Amino acid sequence: MKLRIYQDEDKEALIALWQRVFPDDPPHNDPSQVIPAKRAVDDLIFVALEEDSIVGAVMAGYDGHRGWLYAVAVDHAHRRHGIARHLVRHALDALRQLGCIKANLQIRSDNAQVVAFYESLGFCIEDRISMGLNLRRPA
């Protein structure tokens, strides 16, 4: 497996991966819009390749103080081979190199398997409430 920064020619394959892995994502997470918007800000999208095919990806963010992990995805056929672990560690290393002091992420509350995965990487549940507001709709 090889990890590298996302390149423009990866777009179709990455969109397809995210659509397979996150079929129930809301419209505001449309990868055809998210990817170019993210790329306009920085290069914190990384892909995992096996035999030149994208089998996983992670998108990270950094606001100058804290970092975020978004959209960690591994193709169903390639799970349980350490790909997600490598992607997350790679993204965290990139955030550290930028001076990031803390990384955050959000997990759907019913996804105990993913909670356990992140706990195995040292993440812990914090006493916070996550709130959101869709800015495309009137408040």
# chains A, B, ... in the order shown; residues from 1 in each chain; ligands from 1
>>> residues_around(residues="Ala71 of chain A", least_positions_apart="5", cutoff="9 Å", atoms="only C-alpha atoms", output="PyMOL selection string")
chain A and resi 18+22+57-60
>>> write_last_selection(atoms="N, CA and C atoms", output="PDB file, in the first residue's frame")
ATOM      1  N   TRP A  18     -16.060   7.518  -1.861  1.00  0.00           N
ATOM      2  CA  TRP A  18     -16.891   8.151  -0.837  1.00  0.00           C
ATOM      3  C   TRP A  18     -18.364   7.791  -1.007  1.00  0.00           C
ATOM      4  N   PHE A  22     -19.938   6.068   2.107  1.00  0.00           N
ATOM      5  CA  PHE A  22     -20.877   6.960   2.803  1.00  0.00           C
ATOM      6  C   PHE A  22     -22.160   7.150   1.988  1.00  0.00           C
ATOM      7  N   ALA A  57      -9.013   6.814   1.755  1.00  0.00           N
ATOM      8  CA  ALA A  57      -8.702   8.245   1.732  1.00  0.00           C
ATOM      9  C   ALA A  57      -9.035   8.859   3.081  1.00  0.00           C
ATOM     10  N   VAL A  58      -8.388   9.979   3.347  1.00  0.00           N
ATOM     11  CA  VAL A  58      -8.697  10.777   4.530  1.00  0.00           C
ATOM     12  C   VAL A  58      -8.594  12.244   4.144  1.00  0.00           C
ATOM     13  N   MET A  59      -9.495  13.036   4.679  1.00  0.00           N
ATOM     14  CA  MET A  59      -9.428  14.476   4.494  1.00  0.00           C
ATOM     15  C   MET A  59      -9.241  15.085   5.879  1.00  0.00           C
ATOM     16  N   ALA A  60      -8.236  15.937   6.006  1.00  0.00           N
ATOM     17  CA  ALA A  60      -7.955  16.600   7.277  1.00  0.00           C
ATOM     18  C   ALA A  60      -8.105  18.103   7.105  1.00  0.00           C
TER      19      ALA A  60
END
>>> residues_around(residues="Ile35 of chain A", least_positions_apart="4", cutoff="8 Å", atoms="only C-alpha atoms", output="JSON, numbers by chain")
{"A": [11, 31, 39]}
>>> closest_residue(among="A:Tyr70, A:Ser130, A:Tyr118, A:Arg108", to="Asp24 of chain A", atoms="only C-alpha atoms")
A:Arg108
>>> residues_around(residues="Met1 of chain A", least_positions_apart="4", cutoff="12 Å", atoms="only C-alpha atoms", output="ChimeraX atom specification")
/A:47-56,78,81-84,86-87
>>> write_last_selection(atoms="C-alpha atoms", output="JSON list (two decimals), in the first residue's frame")
[["chain", "number", "residue", "atom", "x", "y", "z"],
["A", 47, "VAL", "CA", -5.23, 8.62, -0.64],
["A", 48, "ALA", "CA", -4.18, 5.01, -0.10],
["A", 49, "LEU", "CA", -3.35, 3.06, -3.23],
["A", 50, "GLU", "CA", -3.01, -0.62, -3.96],
["A", 51, "GLU", "CA", -1.86, -1.45, -7.47],
["A", 52, "ASP", "CA", -2.62, 2.14, -8.55],
["A", 53, "SER", "CA", -6.24, 1.92, -7.37],
["A", 54, "ILE", "CA", -7.57, 4.16, -4.61],
["A", 55, "VAL", "CA", -8.69, 1.92, -1.74],
["A", 56, "GLY", "CA", -8.85, 4.54, 1.00],
["A", 78, "HIS", "CA", -9.93, -3.66, 1.72],
["A", 81, "HIS", "CA", -5.77, -4.52, 6.64],
["A", 82, "GLY", "CA", -4.59, -1.45, 8.57],
["A", 83, "ILE", "CA", -5.33, 1.04, 5.79],
["A", 84, "ALA", "CA", -7.49, 3.34, 7.92],
["A", 86, "HIS", "CA", -2.14, 4.28, 8.25],
["A", 87, "LEU", "CA", -4.30, 7.02, 6.74]]
>>> residues_around(residues="Ile129 of chain A", least_positions_apart="2", cutoff="12 Å", atoms="only C-alpha atoms", output="PDB file with C-alpha atoms, in the first residue's frame")
ATOM      1  CA  GLN A 106     -16.898  13.508  14.782  1.00  0.00           C
ATOM      2  CA  ILE A 107     -18.451  10.047  14.696  1.00  0.00           C
ATOM      3  CA  SER A 109     -23.340   8.218  17.774  1.00  0.00           C
ATOM      4  CA  ILE A 125     -14.677  10.795  24.015  1.00  0.00           C
ATOM      5  CA  GLU A 126     -14.901  14.362  25.315  1.00  0.00           C
ATOM      6  CA  ASP A 127     -17.757  15.920  27.232  1.00  0.00           C
ATOM      7  CA  MET A 131     -23.984  21.159  16.892  1.00  0.00           C
ATOM      8  CA  GLY A 132     -24.392  22.140  13.272  1.00  0.00           C
TER       9      GLY A 132
END
>>> closest_residue(among="A:Arg137, A:Lys38, A:Lys102, A:His76", to="Val21 of chain A", atoms="only C-alpha atoms")
A:His76
>>> select_by_dssp(residues="chain A", states="strand (DSSP E)", output="VMD selection string")
chain A and resid 2 to 5 45 to 50 53 to 62 66 to 74 102 to 105
>>> atom_distance(atom1="atom CA of His65 of chain A", atom2="atom CA of Asp8 of chain A")
27.7 Å
>>> residues_around(residues="Arg20 of chain A", least_positions_apart="6", cutoff="10 Å", atoms="only C-alpha atoms", output="JSON, numbers by chain")
{"A": [14, 73, 74, 75, 76]}
>>> atom_distance(atom1="atom CA of Asp25 of chain A", atom2="atom CA of Val88 of chain A")
20.5 Å
>>> select_by_dssp(residues="segment 8-111 of chain A", states="alpha helix (DSSP H)", output="VMD selection string")
chain A and resid 11 to 21 31 to 39 83 to 97
>>> closest_residue(among="A:Arg85, A:Arg128, A:Arg136, A:Arg80", to="Pro27 of chain A", atoms="only C-alpha atoms")
A:Arg136
>>> atom_distance(atom1="atom CA of Val41 of chain A", atom2="atom CA of Gly99 of chain A")
16.8 Å
>>> residues_around(residues="Trp68 of chain A", least_positions_apart="2", cutoff="7 Å", atoms="only C-alpha atoms", output="mmCIF file with N, CA and C atoms, in the first residue's frame")
data_model
loop_
_atom_site.group_PDB
_atom_site.id
_atom_site.type_symbol
_atom_site.label_atom_id
_atom_site.label_comp_id
_atom_site.auth_asym_id
_atom_site.auth_seq_id
_atom_site.Cartn_x
_atom_site.Cartn_y
_atom_site.Cartn_z
ATOM 1 N N ALA A 60 -8.236 15.937 6.006
ATOM 2 C CA ALA A 60 -7.955 16.600 7.277
ATOM 3 C C ALA A 60 -8.105 18.103 7.105
ATOM 4 N N GLY A 61 -8.213 18.792 8.210
ATOM 5 C CA GLY A 61 -8.303 20.242 8.184
ATOM 6 C C GLY A 61 -7.536 20.840 9.342
ATOM 7 N N TYR A 62 -7.088 22.074 9.167
ATOM 8 C CA TYR A 62 -6.344 22.769 10.214
ATOM 9 C C TYR A 62 -6.705 24.241 10.174
ATOM 10 N N ARG A 66 -6.435 24.062 15.959
ATOM 11 C CA ARG A 66 -6.835 22.657 16.081
ATOM 12 C C ARG A 66 -6.991 22.042 14.700
ATOM 13 N N TYR A 70 -11.710 14.392 8.721
ATOM 14 C CA TYR A 70 -13.004 14.256 8.054
ATOM 15 C C TYR A 70 -12.933 13.070 7.092
ATOM 16 N N ALA A 103 -6.152 17.288 17.702
ATOM 17 C CA ALA A 103 -6.982 16.863 16.572
ATOM 18 C C ALA A 103 -8.346 16.414 17.087
ATOM 19 N N ASN A 104 -9.368 16.776 16.361
ATOM 20 C CA ASN A 104 -10.743 16.415 16.690
ATOM 21 C C ASN A 104 -11.357 15.641 15.530
ATOM 22 N N LEU A 105 -12.435 14.958 15.833
ATOM 23 C CA LEU A 105 -13.217 14.296 14.790
ATOM 24 C C LEU A 105 -14.624 14.093 15.314
#
